[in-house]
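Note: the block below is data_37.txt and it holds compact mmCIF, C-alpha atoms.
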# COMPACT_ATOMS: atom_id res chain seq x y z
CA MET A 104 0.00 0.00 0.00
CA GLU A 105 2.83 2.37 0.91
CA LEU A 106 4.58 1.49 -2.34
CA LEU A 107 1.45 2.13 -4.38
CA LYS A 108 1.17 5.53 -2.73
CA LEU A 109 4.79 6.29 -3.59
CA PHE A 110 4.18 5.19 -7.18
CA ILE A 111 1.19 7.49 -7.65
CA LYS A 112 2.96 10.34 -5.87
CA SER A 113 6.04 10.17 -8.08
CA MET A 114 4.00 9.71 -11.26
CA LEU A 115 1.20 12.24 -10.86
CA VAL A 116 1.52 14.46 -7.80
CA ASP A 117 5.23 15.18 -8.18
CA ASN A 118 5.33 14.76 -11.97
CA VAL A 119 8.95 14.99 -12.95
CA VAL A 120 8.54 17.47 -15.80
CA LEU A 121 5.52 19.54 -14.89
CA VAL A 122 5.99 19.89 -11.15
CA GLN A 123 9.69 19.24 -10.49
CA TYR A 124 11.06 20.98 -13.60
CA LEU A 125 13.41 18.15 -14.56
CA ALA A 126 14.04 17.06 -18.14
CA ILE A 127 12.48 20.09 -19.81
CA CYS A 128 14.79 19.88 -22.84
CA PRO A 129 13.27 16.65 -24.27
CA PHE A 130 9.83 17.86 -23.17
CA ILE A 131 10.18 20.87 -25.48
CA GLY A 132 12.49 19.35 -28.09
CA MET A 133 11.13 15.86 -28.68
CA THR A 134 7.37 16.36 -28.61
CA SER A 135 6.70 17.59 -32.14
CA GLU A 136 5.23 14.19 -33.10
CA THR A 137 3.46 11.65 -30.91
CA GLY A 138 5.54 8.76 -32.32
CA LYS A 139 8.78 10.49 -31.44
CA ALA A 140 7.50 11.37 -27.98
CA THR A 141 6.44 7.78 -27.30
CA GLY A 142 9.83 6.42 -28.43
CA MET A 143 11.69 8.88 -26.25
CA GLY A 144 9.37 8.15 -23.33
CA ILE A 145 9.83 4.37 -23.50
CA ALA A 146 13.60 4.56 -23.96
CA THR A 147 13.96 6.96 -21.03
CA THR A 148 11.68 4.87 -18.81
CA PHE A 149 13.92 1.89 -19.40
CA VAL A 150 17.13 3.79 -18.67
CA ILE A 151 15.78 5.50 -15.53
CA ILE A 152 14.71 2.21 -13.95
CA LEU A 153 17.97 0.52 -14.94
CA ALA A 154 20.04 3.43 -13.60
CA ALA A 155 18.22 3.41 -10.26
CA ALA A 156 18.60 -0.38 -10.04
CA VAL A 157 22.36 -0.11 -10.52
CA THR A 158 23.31 3.07 -8.66
CA TRP A 159 21.49 2.29 -5.38
CA PRO A 160 23.45 -0.92 -4.56
CA LEU A 161 26.63 0.72 -5.85
CA TYR A 162 26.16 3.63 -3.46
CA THR A 163 25.05 1.59 -0.45
CA TYR A 164 27.43 -1.35 -0.71
CA VAL A 165 30.51 0.16 -2.35
CA MET A 166 30.66 3.92 -1.91
CA VAL A 167 29.43 4.20 1.69
CA PRO A 168 31.84 1.57 3.14
CA LEU A 169 34.71 3.21 1.24
CA HIS A 170 33.65 6.74 2.31
CA LEU A 171 33.36 7.90 -1.28
CA GLU A 172 30.01 9.70 -0.89
CA PHE A 173 31.53 12.97 -2.05
CA LEU A 174 32.18 11.47 -5.47
CA GLN A 175 28.46 10.76 -5.93
CA THR A 176 27.86 13.15 -8.82
CA LEU A 177 30.93 12.06 -10.72
CA ILE A 178 30.42 8.32 -10.28
CA PHE A 179 26.68 8.40 -10.99
CA ILE A 180 27.02 10.29 -14.25
CA LEU A 181 29.77 7.93 -15.41
CA VAL A 182 27.67 4.89 -14.49
CA ILE A 183 24.71 6.30 -16.39
CA ALA A 184 26.83 7.09 -19.45
CA ALA A 185 28.30 3.58 -19.37
CA LEU A 186 24.87 2.00 -18.90
CA VAL A 187 23.43 3.85 -21.87
CA GLN A 188 26.38 2.70 -23.99
CA LEU A 189 25.90 -0.91 -22.85
CA VAL A 190 22.20 -0.85 -23.62
CA GLU A 191 22.99 0.58 -27.03
CA PHE A 192 25.54 -2.16 -27.78
CA TYR A 193 23.21 -4.88 -26.54
CA LEU A 194 20.27 -3.66 -28.63
CA LYS A 195 22.44 -3.21 -31.71
CA LYS A 196 23.71 -6.78 -31.46
CA CYS A 197 20.69 -8.71 -30.18
CA VAL A 198 17.53 -6.73 -31.02
CA PRO A 199 18.39 -4.73 -34.14
CA GLY A 200 14.72 -3.99 -34.83
CA LEU A 201 14.30 -2.25 -31.50
CA TYR A 202 17.66 -0.55 -31.91
CA SER A 203 16.68 1.10 -35.16
CA ALA A 204 13.53 2.38 -33.49
CA MET A 205 15.08 3.51 -30.20
CA GLY A 206 18.76 4.05 -30.99
CA ILE A 207 18.63 7.74 -31.77
CA TYR A 208 16.97 8.52 -28.46
CA LEU A 209 19.39 6.52 -26.35
CA THR A 210 22.39 8.77 -26.93
CA LEU A 211 20.39 11.78 -25.87
CA ILE A 212 19.37 10.18 -22.59
CA THR A 213 22.81 10.40 -20.95
CA THR A 214 22.37 14.13 -20.53
CA ASN A 215 18.71 13.89 -19.53
CA CYS A 216 18.51 15.45 -16.08
CA ALA A 217 15.65 13.18 -15.03
CA VAL A 218 17.97 10.14 -15.01
CA LEU A 219 20.65 11.67 -12.81
CA GLY A 220 17.99 13.45 -10.77
CA VAL A 221 16.16 10.22 -9.94
CA THR A 222 19.32 8.37 -8.91
CA ILE A 223 20.39 11.25 -6.65
CA ASN A 224 16.90 11.63 -5.17
CA CYS A 225 16.75 7.92 -4.30
CA ILE A 226 19.82 8.40 -2.13
CA SER A 227 18.98 11.80 -0.64
CA LYS A 228 15.43 10.71 0.29
CA ASN A 229 16.81 7.64 2.10
CA TYR A 230 14.71 5.16 0.13
CA ASN A 231 15.41 1.45 0.46
CA TYR A 232 15.97 -0.66 -2.65
CA GLY A 233 12.30 -1.52 -3.24
CA GLN A 234 11.19 2.07 -2.72
CA SER A 235 13.91 3.31 -5.08
CA LEU A 236 12.73 1.02 -7.86
CA VAL A 237 9.09 2.01 -7.39
CA TYR A 238 10.03 5.69 -7.25
CA ALA A 239 12.10 5.32 -10.43
CA ALA A 240 9.30 3.49 -12.24
CA GLY A 241 6.72 6.06 -11.19
CA THR A 242 8.88 9.01 -12.18
CA ALA A 243 9.77 7.40 -15.50
CA LEU A 244 6.16 6.67 -16.40
CA GLY A 245 5.20 10.18 -15.35
CA PHE A 246 7.86 11.49 -17.73
CA ALA A 247 6.63 9.33 -20.62
CA MET A 248 3.05 10.34 -19.92
CA SER A 249 3.75 14.07 -19.88
CA LEU A 250 5.68 13.75 -23.16
CA VAL A 251 2.78 11.99 -24.87
CA ILE A 252 0.25 14.48 -23.51
CA MET A 253 2.39 17.41 -24.66
CA SER A 254 2.77 15.97 -28.16
CA GLY A 255 -1.02 15.63 -28.40
CA VAL A 256 -1.59 19.20 -27.24
CA ARG A 257 1.01 20.50 -29.68
CA LYS A 258 -1.01 19.18 -32.63
CA ARG A 259 -3.85 21.48 -31.60
CA VAL A 260 -1.55 24.38 -30.82
CA ALA A 261 -0.08 24.13 -34.32
CA VAL A 262 -3.40 25.09 -35.93
CA ALA A 263 -4.58 27.54 -33.26
CA PRO A 264 -4.55 31.32 -33.84
CA ILE A 265 -1.67 32.42 -31.61
CA PRO A 266 -0.53 36.02 -31.02
CA LYS A 267 2.49 36.75 -33.20
CA ALA A 268 4.88 37.27 -30.29
CA PHE A 269 4.12 33.86 -28.80
CA LYS A 270 4.51 31.85 -32.03
CA GLY A 271 7.06 29.05 -31.88
CA THR A 272 8.63 28.12 -28.58
CA PRO A 273 7.07 30.72 -26.19
CA ILE A 274 3.57 29.25 -26.58
CA LEU A 275 4.94 25.83 -25.62
CA PHE A 276 5.93 27.22 -22.24
CA ILE A 277 2.49 28.75 -21.74
CA THR A 278 1.00 25.34 -22.68
CA ALA A 279 3.33 23.64 -20.22
CA SER A 280 2.24 26.11 -17.58
CA LEU A 281 -1.43 25.20 -18.09
CA LEU A 282 -0.62 21.48 -18.06
CA SER A 283 1.30 21.98 -14.86
CA LEU A 284 -1.69 23.79 -13.39
CA ALA A 285 -3.80 20.72 -14.23
CA PHE A 286 -1.30 18.44 -12.52
CA ILE A 287 -1.51 20.51 -9.35
CA GLY A 288 -5.04 19.18 -9.18
CA PHE A 289 -3.62 15.75 -8.34
CA LYS A 290 -2.31 17.11 -5.06
CA GLY A 291 -5.43 15.99 -3.20
CA LEU A 292 -4.90 12.37 -4.25
CA ILE A 293 -2.42 11.70 -1.49
CA LYS A 294 -2.58 13.08 1.99
CA MET B 145 39.64 44.16 -29.66
CA SER B 146 36.20 44.32 -31.21
CA ASN B 147 36.44 40.62 -32.02
CA LYS B 148 37.19 39.75 -28.39
CA PHE B 149 34.37 42.02 -27.30
CA LYS B 150 32.02 40.19 -29.66
CA THR B 151 33.02 36.82 -28.19
CA PHE B 152 32.17 38.20 -24.79
CA THR B 153 28.81 39.80 -25.60
CA ASN B 154 27.65 36.90 -27.75
CA GLY B 155 26.27 35.05 -24.75
CA LEU B 156 24.58 38.06 -23.21
CA LEU B 157 21.88 38.55 -25.82
CA LYS B 158 22.53 37.36 -29.36
CA GLU B 159 23.14 33.74 -28.44
CA ASN B 160 21.71 33.82 -24.95
CA PRO B 161 21.72 30.18 -23.82
CA LEU B 162 18.29 30.34 -22.21
CA LEU B 163 16.24 32.75 -24.27
CA ILE B 164 17.60 32.11 -27.76
CA LEU B 165 19.27 28.68 -27.73
CA ASN B 166 16.75 27.17 -25.28
CA ILE B 167 19.26 24.97 -23.50
CA GLY B 168 19.83 24.44 -19.79
CA LEU B 169 16.25 25.24 -18.94
CA CYS B 170 15.63 22.87 -16.02
CA SER B 171 17.68 24.68 -13.41
CA SER B 172 16.53 28.09 -14.63
CA LEU B 173 12.91 27.24 -13.85
CA GLY B 174 13.42 24.96 -10.87
CA ILE B 175 15.24 27.24 -8.48
CA THR B 176 14.12 30.73 -9.45
CA THR B 177 11.59 31.21 -6.67
CA ASN B 178 13.75 33.91 -5.11
CA MET B 179 16.62 36.09 -6.25
CA PHE B 180 19.12 34.75 -3.74
CA ASN B 181 18.77 31.25 -5.18
CA GLY B 182 18.90 32.64 -8.71
CA LEU B 183 22.12 34.50 -8.02
CA GLY B 184 23.67 31.51 -6.24
CA MET B 185 22.81 29.16 -9.06
CA GLY B 186 24.06 31.66 -11.64
CA LEU B 187 27.41 32.11 -9.90
CA GLY B 188 27.85 28.37 -9.32
CA MET B 189 27.08 27.67 -12.93
CA MET B 190 29.45 30.44 -14.07
CA PHE B 191 32.29 28.99 -11.99
CA VAL B 192 31.84 25.51 -13.45
CA LEU B 193 31.50 26.94 -16.96
CA ILE B 194 34.64 29.09 -16.73
CA MET B 195 36.81 26.39 -15.15
CA SER B 196 35.61 23.67 -17.54
CA GLU B 197 36.16 25.82 -20.63
CA LEU B 198 39.57 26.89 -19.29
CA PHE B 199 40.79 23.35 -18.62
CA ILE B 200 39.33 21.79 -21.74
CA SER B 201 40.74 24.56 -23.89
CA LEU B 202 44.16 23.95 -22.29
CA LEU B 203 43.92 20.19 -22.85
CA ARG B 204 42.21 20.34 -26.23
CA LYS B 205 45.27 19.06 -28.11
CA GLN B 206 45.89 16.21 -25.64
CA ILE B 207 42.36 14.78 -25.47
CA PRO B 208 41.88 12.05 -28.10
CA ASP B 209 38.89 12.82 -30.28
CA SER B 210 37.17 9.45 -29.83
CA ILE B 211 36.86 9.68 -26.03
CA ARG B 212 36.41 13.43 -25.71
CA LEU B 213 32.85 13.32 -24.37
CA PRO B 214 33.62 11.11 -21.32
CA VAL B 215 36.66 13.28 -20.60
CA PHE B 216 34.53 16.43 -20.77
CA ILE B 217 31.98 14.86 -18.43
CA ILE B 218 34.65 13.98 -15.87
CA ILE B 219 36.13 17.48 -15.91
CA ILE B 220 32.69 19.11 -15.58
CA ALA B 221 31.68 16.68 -12.81
CA ALA B 222 34.86 17.46 -10.88
CA PHE B 223 34.14 21.21 -10.83
CA THR B 224 30.48 20.61 -10.01
CA THR B 225 31.55 18.56 -7.01
CA ILE B 226 33.83 21.41 -5.90
CA VAL B 227 30.91 23.86 -6.04
CA GLN B 228 28.71 21.40 -4.13
CA LEU B 229 31.26 20.91 -1.36
CA VAL B 230 32.05 24.61 -1.02
CA LEU B 231 28.37 25.58 -0.78
CA GLN B 232 27.66 22.78 1.68
CA ALA B 233 30.46 24.02 3.91
CA TYR B 234 29.96 27.79 3.74
CA VAL B 235 26.37 28.51 2.57
CA PRO B 236 24.33 25.52 3.77
CA SER B 237 21.00 27.36 3.35
CA LEU B 238 21.70 27.86 -0.36
CA TYR B 239 22.89 24.26 -0.65
CA ASP B 240 19.55 23.04 0.72
CA ALA B 241 17.50 25.45 -1.40
CA LEU B 242 19.18 24.41 -4.65
CA GLY B 243 18.84 20.73 -3.73
CA VAL B 244 19.06 18.31 -6.61
CA PHE B 245 19.66 21.09 -9.14
CA LEU B 246 23.18 21.62 -7.86
CA PRO B 247 24.57 18.20 -8.88
CA LEU B 248 22.50 18.51 -12.05
CA ILE B 249 24.89 21.24 -13.26
CA VAL B 250 26.85 18.27 -14.67
CA VAL B 251 24.18 17.47 -17.21
CA ASN B 252 23.36 21.09 -17.98
CA CYS B 253 23.40 21.30 -21.76
CA ILE B 254 24.91 24.83 -21.65
CA ILE B 255 28.25 23.60 -20.33
CA MET B 256 28.47 20.52 -22.55
CA GLY B 257 27.33 22.58 -25.53
CA ARG B 258 29.86 25.40 -25.07
CA VAL B 259 32.70 23.03 -24.28
CA GLU B 260 32.01 20.92 -27.35
CA ALA B 261 31.22 23.79 -29.70
CA TYR B 262 33.69 26.40 -28.48
CA ALA B 263 36.39 25.47 -25.96
CA SER B 264 37.53 22.36 -27.83
CA HIS B 265 38.41 24.46 -30.92
CA ASN B 266 39.52 27.82 -29.50
CA GLY B 267 42.34 29.30 -27.46
CA VAL B 268 42.35 29.74 -23.70
CA GLY B 269 41.66 33.49 -23.63
CA ASP B 270 38.74 33.33 -26.03
CA SER B 271 37.27 30.31 -24.24
CA VAL B 272 37.34 32.06 -20.87
CA LEU B 273 35.75 35.18 -22.39
CA ASP B 274 33.07 33.02 -23.99
CA ALA B 275 32.44 31.28 -20.66
CA ILE B 276 32.12 34.60 -18.79
CA GLY B 277 29.73 35.93 -21.44
CA MET B 278 27.58 32.80 -21.43
CA GLY B 279 27.65 32.66 -17.64
CA LEU B 280 26.53 36.28 -17.34
CA GLY B 281 23.86 35.69 -19.99
CA TYR B 282 22.57 32.77 -17.94
CA THR B 283 22.75 34.69 -14.66
CA TRP B 284 20.90 37.81 -15.80
CA VAL B 285 17.99 35.79 -17.18
CA LEU B 286 17.86 33.84 -13.92
CA LEU B 287 17.81 37.09 -11.94
CA VAL B 288 14.98 38.55 -14.04
CA ILE B 289 12.86 35.39 -13.75
CA SER B 290 13.46 35.09 -10.03
CA PHE B 291 12.78 38.80 -9.48
CA ILE B 292 9.37 38.52 -11.17
CA ARG B 293 8.51 35.31 -9.34
CA GLU B 294 9.69 36.53 -5.96
CA PHE B 295 8.27 40.05 -6.15
CA PHE B 296 4.81 39.25 -7.54
CA GLY B 297 4.54 35.69 -6.27
CA GLY B 298 6.02 35.94 -2.80
CA GLY B 299 5.67 39.68 -2.27
CA THR B 300 9.21 39.94 -0.90
CA LEU B 301 12.64 41.05 -1.99
CA LEU B 302 15.95 39.51 -0.89
CA ALA B 303 14.26 36.49 0.69
CA GLY B 304 16.75 33.91 1.89
CA THR B 305 19.14 36.59 3.19
CA ALA B 306 19.16 38.56 6.42
CA TYR B 307 17.76 41.65 4.66
CA LYS B 308 14.38 40.25 3.65
CA ILE B 309 11.83 42.98 2.89
CA GLU B 310 8.12 42.32 2.60
CA ILE B 311 6.53 44.63 0.04
CA ILE B 312 3.23 43.23 -1.15
CA PRO B 313 0.77 42.22 1.58
CA GLU B 314 -0.25 38.60 1.58
CA ALA B 315 -3.76 39.10 0.18
CA TYR B 316 -2.43 40.69 -3.02
CA ARG B 317 0.28 38.19 -3.92
CA ILE B 318 -0.06 36.08 -7.07
CA GLY B 319 0.81 32.75 -5.44
CA ILE B 320 0.72 30.83 -8.69
CA LEU B 321 3.90 32.56 -9.90
CA ASN B 322 5.83 31.04 -7.04
CA SER B 323 4.60 27.49 -7.66
CA ALA B 324 5.29 25.14 -10.55
CA PRO B 325 3.08 26.62 -13.32
CA GLY B 326 4.44 30.12 -12.69
CA GLY B 327 7.95 29.20 -13.82
CA PHE B 328 6.75 28.09 -17.23
CA LEU B 329 4.46 31.09 -17.53
CA VAL B 330 7.07 33.72 -16.65
CA PHE B 331 9.67 32.11 -18.90
CA GLY B 332 7.23 31.87 -21.83
CA CYS B 333 6.33 35.56 -21.52
CA LEU B 334 9.98 36.57 -21.18
CA MET B 335 10.83 34.64 -24.31
CA ALA B 336 7.96 36.21 -26.22
CA ALA B 337 9.08 39.69 -25.11
CA THR B 338 12.74 39.25 -26.12
CA GLY B 339 11.64 37.63 -29.37
CA SER B 340 9.47 40.59 -30.32
CA ILE B 341 12.16 43.09 -29.39
CA ARG B 342 14.64 41.21 -31.54
CA ARG B 343 12.23 41.04 -34.47
CA ALA B 344 11.45 44.76 -34.19
CA LYS B 345 15.17 45.56 -34.19
CA GLU B 346 15.79 43.38 -37.22
CA ALA B 347 12.91 44.98 -39.11
CA LYS B 348 14.28 48.43 -38.29
CA ALA B 349 17.76 47.46 -39.47
CA GLN B 350 16.33 46.08 -42.67
CA ALA B 351 14.29 49.22 -43.29
CA ARG B 352 17.38 51.33 -42.71
CA ALA B 353 19.42 49.27 -45.14
CA LYS B 354 16.67 49.58 -47.73
CA GLU B 355 16.52 53.34 -47.25
CA ALA B 356 20.27 53.66 -47.66
CA LYS B 357 20.10 51.66 -50.87
CA GLU B 358 17.32 53.85 -52.25
CA MET B 359 19.29 56.98 -51.37
CA GLU B 360 22.26 55.61 -53.25
CA ALA B 361 20.12 54.72 -56.22
CA ALA B 362 18.65 58.24 -56.25
CA LYS B 363 22.12 59.70 -56.39

Show how you would write the structure in this file as structure tokens.
Amino acid sequence: MELLKLFIKSMLVDNVVLVQYLAICPFIGMTSETGKATGMGIATTFVIILAAAVTWPLYTYVMVPLHLEFLQTLIFILVIAALVQLVEFYLKKCVPGLYSAMGIYLTLITTNCAVLGVTINCISKNYNYGQSLVYAAGTALGFAMSLVIMSGVRKRVAVAPIPKAFKGTPILFITASLLSLAFIGFKGLIK
Amino acid sequence: MSNKFKTFTNGLLKENPLLILNIGLCSSLGITTNMFNGLGMGLGMMFVLIMSELFISLLRKQIPDSIRLPVFIIIIAAFTTIVQLVLQAYVPSLYDALGVFLPLIVVNCIIMGRVEAYASHNGVGDSVLDAIGMGLGYTWVLLVISFIREFFGGGTLLAGTAYKIEIIPEAYRIGILNSAPGGFLVFGCLMAATGSIRRAKEAKAQARAKEAKEMEAAK
């Protein structure tokens, strides 16, 4: 029950893009088509969960006993970069069909702040391993969901009569602001 | 001289990382609820940017091309860690307020972008100038956003320091600006404003050029 609460909280109430302001670059850059947004969302979901699954034991069982906590940022980003590379190699060799669909997104994910943000949050919020995985899954799905929603809204925005000054990227931020306002409505879900 | 000056001012307006290039947005929206945080983040970012561009420009001939990105990441992460540790030791309130956005300087696209596009091809002096320009360009936008959000949203100035002044009484504050949707809203409006100013300037310059041409033709 606690875990379900955490899942809903990280997915809806504390949505990673619209409430926590992480990973705005892909949110603005990759949502011009729904297909693209879905691909990016799935690829990122996979990497976020994998990164949390690897960095938590690494931190708890290797870095803490060796008193290397101060190297957290450096080690985590290297682990994430290496993980993304490994996933890329694996997909290229074993599942070429999936690679051709997801490959282009994977390289972009290393510098996605949501991935590093989730791994750091898992540690700083003192989650145990199970909680970390649930938190990562919730955050990742929240990210994918907000990307898909945004890509749908953008189709309508493209044909809407917009004031000249707001054409292009500025209107996307106003749209994001309204979406974020909607997500605040989820606050009552969890006490 | 004018060339160096151009390198410096490039980041302030013409290629402003936030308003024009649209990179490094996360931190600029996440922490700008008051000006103290905005300034702290701006200075921290500027330090990492300057040091990374300096070191990478110095090492640009030694770093093998095929592994340059991991090397860049390590250098940037090292300076980010320095900023983290210094803030934790001397300004713990700022360290807590910036939270997860402080380590996230590592993955800020502005640093990676400038290092890859500029410092790895240019000399030390130019790289440092570029870093200072970009850093100031980032900081001033942060200060403007956080001023709007703090003043109209929180009704205070200089919150987070010992000199906090309350200006707008609580009933008249626009609380939404200080919460999540406000960041997007303020940034969108700021972008629209700078975009229109830029377009108006360009149109004026074009009109002037046309006029000059006509004058010449008349002669």

With a cut-off of 10 Å, could you pull out the residues of chain A touching chain B and give me the nearest pair of atoms for each, distance in Å to one decimal, using only C-alpha atoms, ordered by chain and ascending number, as CSV?
residue,atom,partner,partner_atom,distance
A:Val120,CA,B:Cys170,CA,8.9
A:Leu121,CA,B:Ala324,CA,7.1
A:Val122,CA,B:Ala324,CA,5.3
A:Gln123,CA,B:Gly174,CA,6.8
A:Tyr124,CA,B:Gly174,CA,5.4
A:Leu125,CA,B:Cys170,CA,5.4
A:Ala126,CA,B:Cys170,CA,6.4
A:Ile127,CA,B:Cys170,CA,5.7
A:Cys128,CA,B:Leu169,CA,6.8
A:Ile131,CA,B:Asn166,CA,9.1
A:Gly132,CA,B:Asn166,CA,9.3
A:Phe173,CA,B:Thr225,CA,7.5
A:Leu174,CA,B:Thr225,CA,7.3
A:Gln175,CA,B:Thr225,CA,8.5
A:Thr176,CA,B:Pro247,CA,6.0
A:Leu177,CA,B:Ala221,CA,5.1
A:Ile178,CA,B:Ala221,CA,8.8
A:Phe179,CA,B:Ala221,CA,9.8
A:Ile180,CA,B:Ile217,CA,7.9
A:Leu181,CA,B:Pro214,CA,7.7
A:Ala184,CA,B:Pro214,CA,8.1
A:Ala185,CA,B:Pro214,CA,9.4
A:Thr213,CA,B:Val251,CA,8.1
A:Thr214,CA,B:Val251,CA,5.0
A:Asn215,CA,B:Val251,CA,6.9
A:Cys216,CA,B:Val251,CA,6.1
A:Ala217,CA,B:Leu248,CA,9.2
A:Val218,CA,B:Val251,CA,9.9
A:Leu219,CA,B:Leu248,CA,7.1
A:Gly220,CA,B:Val244,CA,6.5
A:Val221,CA,B:Val244,CA,9.2
A:Ile223,CA,B:Val244,CA,7.2
A:Asn224,CA,B:Val244,CA,7.2
A:Ser227,CA,B:Val244,CA,8.8
A:Pro266,CA,B:Ala336,CA,9.8
A:Lys267,CA,B:Ser340,CA,8.5
A:Ala268,CA,B:Ala336,CA,5.2
A:Phe269,CA,B:Ala336,CA,5.2
A:Lys270,CA,B:Ala336,CA,8.0
A:Gly271,CA,B:Ala336,CA,9.2
A:Thr272,CA,B:Gly332,CA,7.8
A:Pro273,CA,B:Gly332,CA,4.5
A:Ile274,CA,B:Gly332,CA,6.5
A:Leu275,CA,B:Gly332,CA,7.5
A:Phe276,CA,B:Gly332,CA,4.8
A:Ile277,CA,B:Leu329,CA,5.2
A:Thr278,CA,B:Phe328,CA,8.4
A:Ala279,CA,B:Phe328,CA,6.4
A:Ser280,CA,B:Pro325,CA,4.4
A:Leu281,CA,B:Pro325,CA,6.7
A:Leu282,CA,B:Pro325,CA,7.9
A:Ser283,CA,B:Pro325,CA,5.2
A:Leu284,CA,B:Pro325,CA,5.5
A:Ala285,CA,B:Pro325,CA,9.1
A:Phe286,CA,B:Pro325,CA,9.3
A:Ile287,CA,B:Ala324,CA,8.3

Would you write out those residues with C-alpha atoms, as a PDB file, in the coordinates of the input?
ATOM      1  CA  VAL A 120       8.540  17.470 -15.800  1.00  0.00           C
ATOM      2  CA  LEU A 121       5.520  19.540 -14.890  1.00  0.00           C
ATOM      3  CA  VAL A 122       5.990  19.890 -11.150  1.00  0.00           C
ATOM      4  CA  GLN A 123       9.690  19.240 -10.490  1.00  0.00           C
ATOM      5  CA  TYR A 124      11.060  20.980 -13.600  1.00  0.00           C
ATOM      6  CA  LEU A 125      13.410  18.150 -14.560  1.00  0.00           C
ATOM      7  CA  ALA A 126      14.040  17.060 -18.140  1.00  0.00           C
ATOM      8  CA  ILE A 127      12.480  20.090 -19.810  1.00  0.00           C
ATOM      9  CA  CYS A 128      14.790  19.880 -22.840  1.00  0.00           C
ATOM     10  CA  ILE A 131      10.180  20.870 -25.480  1.00  0.00           C
ATOM     11  CA  GLY A 132      12.490  19.350 -28.090  1.00  0.00           C
ATOM     12  CA  PHE A 173      31.530  12.970  -2.050  1.00  0.00           C
ATOM     13  CA  LEU A 174      32.180  11.470  -5.470  1.00  0.00           C
ATOM     14  CA  GLN A 175      28.460  10.760  -5.930  1.00  0.00           C
ATOM     15  CA  THR A 176      27.860  13.150  -8.820  1.00  0.00           C
ATOM     16  CA  LEU A 177      30.930  12.060 -10.720  1.00  0.00           C
ATOM     17  CA  ILE A 178      30.420   8.320 -10.280  1.00  0.00           C
ATOM     18  CA  PHE A 179      26.680   8.400 -10.990  1.00  0.00           C
ATOM     19  CA  ILE A 180      27.020  10.290 -14.250  1.00  0.00           C
ATOM     20  CA  LEU A 181      29.770   7.930 -15.410  1.00  0.00           C
ATOM     21  CA  ALA A 184      26.830   7.090 -19.450  1.00  0.00           C
ATOM     22  CA  ALA A 185      28.300   3.580 -19.370  1.00  0.00           C
ATOM     23  CA  THR A 213      22.810  10.400 -20.950  1.00  0.00           C
ATOM     24  CA  THR A 214      22.370  14.130 -20.530  1.00  0.00           C
ATOM     25  CA  ASN A 215      18.710  13.890 -19.530  1.00  0.00           C
ATOM     26  CA  CYS A 216      18.510  15.450 -16.080  1.00  0.00           C
ATOM     27  CA  ALA A 217      15.650  13.180 -15.030  1.00  0.00           C
ATOM     28  CA  VAL A 218      17.970  10.140 -15.010  1.00  0.00           C
ATOM     29  CA  LEU A 219      20.650  11.670 -12.810  1.00  0.00           C
ATOM     30  CA  GLY A 220      17.990  13.450 -10.770  1.00  0.00           C
ATOM     31  CA  VAL A 221      16.160  10.220  -9.940  1.00  0.00           C
ATOM     32  CA  ILE A 223      20.390  11.250  -6.650  1.00  0.00           C
ATOM     33  CA  ASN A 224      16.900  11.630  -5.170  1.00  0.00           C
ATOM     34  CA  SER A 227      18.980  11.800  -0.640  1.00  0.00           C
ATOM     35  CA  PRO A 266      -0.530  36.020 -31.020  1.00  0.00           C
ATOM     36  CA  LYS A 267       2.490  36.750 -33.200  1.00  0.00           C
ATOM     37  CA  ALA A 268       4.880  37.270 -30.290  1.00  0.00           C
ATOM     38  CA  PHE A 269       4.120  33.860 -28.800  1.00  0.00           C
ATOM     39  CA  LYS A 270       4.510  31.850 -32.030  1.00  0.00           C
ATOM     40  CA  GLY A 271       7.060  29.050 -31.880  1.00  0.00           C
ATOM     41  CA  THR A 272       8.630  28.120 -28.580  1.00  0.00           C
ATOM     42  CA  PRO A 273       7.070  30.720 -26.190  1.00  0.00           C
ATOM     43  CA  ILE A 274       3.570  29.250 -26.580  1.00  0.00           C
ATOM     44  CA  LEU A 275       4.940  25.830 -25.620  1.00  0.00           C
ATOM     45  CA  PHE A 276       5.930  27.220 -22.240  1.00  0.00           C
ATOM     46  CA  ILE A 277       2.490  28.750 -21.740  1.00  0.00           C
ATOM     47  CA  THR A 278       1.000  25.340 -22.680  1.00  0.00           C
ATOM     48  CA  ALA A 279       3.330  23.640 -20.220  1.00  0.00           C
ATOM     49  CA  SER A 280       2.240  26.110 -17.580  1.00  0.00           C
ATOM     50  CA  LEU A 281      -1.430  25.200 -18.090  1.00  0.00           C
ATOM     51  CA  LEU A 282      -0.620  21.480 -18.060  1.00  0.00           C
ATOM     52  CA  SER A 283       1.300  21.980 -14.860  1.00  0.00           C
ATOM     53  CA  LEU A 284      -1.690  23.790 -13.390  1.00  0.00           C
ATOM     54  CA  ALA A 285      -3.800  20.720 -14.230  1.00  0.00           C
ATOM     55  CA  PHE A 286      -1.300  18.440 -12.520  1.00  0.00           C
ATOM     56  CA  ILE A 287      -1.510  20.510  -9.350  1.00  0.00           C
TER      57      ILE A 287
END

- Message: At a cut-off of 10 Å, using all atoms listed in the file, what residues contact stretch 138-154 of chain A? Leave out same-chain residues fewer than 5 positions from it and give the result as number ranges by chain.
- Response: A: 129-130, 132-133, 159, 179-180, 182-184, 186-187, 190, 204-209, 211-213, 215, 217-222, 235-255

### Query
Can you tell me how far atom CA of B:Met179 sits from atom CA of B:Leu302, in Å to one decimal?
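Those two atoms sit 6.4 Å apart.
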
A straight line from atom CA of A:Thr158 to atom CA of B:Pro208 spans 28.3 Å
